[in-house]
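Report on one structure; see the data block that follows.
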Amino acid sequence: MKIPEEGKLLRIFVGETDQWQGKPLYEALVLLARKEGVAGATVLRGFMGFGRNSRIHTAKILRLSEDLPVIVEIVDSEERINAFLPHLDDMVKEGLVTLEKANVILYRSDRKGPA
């Protein structure tokens, strides 16, 4: 698969405990992205953060949170990202979704297909 040099970076900020149809939302987003043929997705877990309600979520021992911030990042062509966006309206009930330009420098694998 080839991503154009001028791609898009989709970031989806959600909580670690957010759910979609009985599974973690971040997992459901990654599996859907794979099913939809998106080039790739990565989930990042935050150590600390806050959102619209200003409640602090932290991994500090004295304030152990069970709902740490999670970011799902997806980079692909503008067309593929735009095709994926409508799913987010149903799936993301709380969170933030951003979209920005991404200059794709390198995207390659020595594998022949999905594992």
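Every chain in the structure tokens has a letter given in the order shown (A, B, ...), and although residue numbers restart at 1 in each chain, ligands are simply numbered from 1 in the order shown.
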Which residues in chain A does DSSP call strand (DSSP E)? List them as number ranges by chain. A: 6-15, 19-20, 23-24, 41-45, 48-49, 57-58, 69-76, 96-103
For range 4-17 of chain A, work out the shell of residues within 8 Å, counting only C-alpha atoms and skipping chain neighbours fewer than 5 positions away, then give it as a VMD selection string. chain A and resid 24 to 26 45 66 to 78 81 92 94 to 105
Could you write out, as a PyMOL selection string, all the residues of range 6-113 of chain A that DSSP marks as helix (DSSP H, G or I)? chain A and resi 25-35+61-63+78-91
List as a list in words the protein and nucleic acid residues near Met91 in chain A, meaning an atom at most 9 Å away when only C-alpha atoms are counted, but skip any in the same chain fewer than 5 places from it. Gln19, Trp20, Leu25, Ala28 and Leu29 of chain A
For the atom pair CA of Arg52 in chain A and CA of Leu85 in chain A, what is the interatomic distance in Å to one decimal place? 21.0 Å
Nearest candidate to Leu106 in chain A (options A:Glu36, A:Lys23, A:Asp90, A:Ile3; using only C-alpha atoms):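 The shortest atom-to-atom distance to Leu106 in chain A comes from A:Ile3.
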Env of Leu32 in chain A: 9 Å cut, atoms = only C-alpha atoms, seq-sep filter 5 positions within chain, self excluded. Answer as a PDB file with N, CA and C atoms, in the first residue's frame.
ATOM      1  N   GLU A  27      -9.706  -0.066  20.921  1.00  0.00           N
ATOM      2  CA  GLU A  27      -9.551  -1.342  20.212  1.00  0.00           C
ATOM      3  C   GLU A  27     -10.529  -1.424  19.042  1.00  0.00           C
ATOM      4  N   GLY A  37      -9.382  -0.873   5.576  1.00  0.00           N
ATOM      5  CA  GLY A  37      -8.225  -0.781   4.689  1.00  0.00           C
ATOM      6  C   GLY A  37      -7.335   0.425   4.918  1.00  0.00           C
ATOM      7  N   VAL A  38      -7.422   1.020   6.099  1.00  0.00           N
ATOM      8  CA  VAL A  38      -6.568   2.157   6.431  1.00  0.00           C
ATOM      9  C   VAL A  38      -5.122   1.665   6.548  1.00  0.00           C
ATOM     10  N   PHE A  84     -13.318   7.312   6.574  1.00  0.00           N
ATOM     11  CA  PHE A  84     -13.359   6.753   7.924  1.00  0.00           C
ATOM     12  C   PHE A  84     -14.095   7.664   8.911  1.00  0.00           C
ATOM     13  N   HIS A  87     -17.721   7.148  10.729  1.00  0.00           N
ATOM     14  CA  HIS A  87     -17.835   6.146  11.798  1.00  0.00           C
ATOM     15  C   HIS A  87     -17.664   6.788  13.171  1.00  0.00           C
TER      16      HIS A  87
END
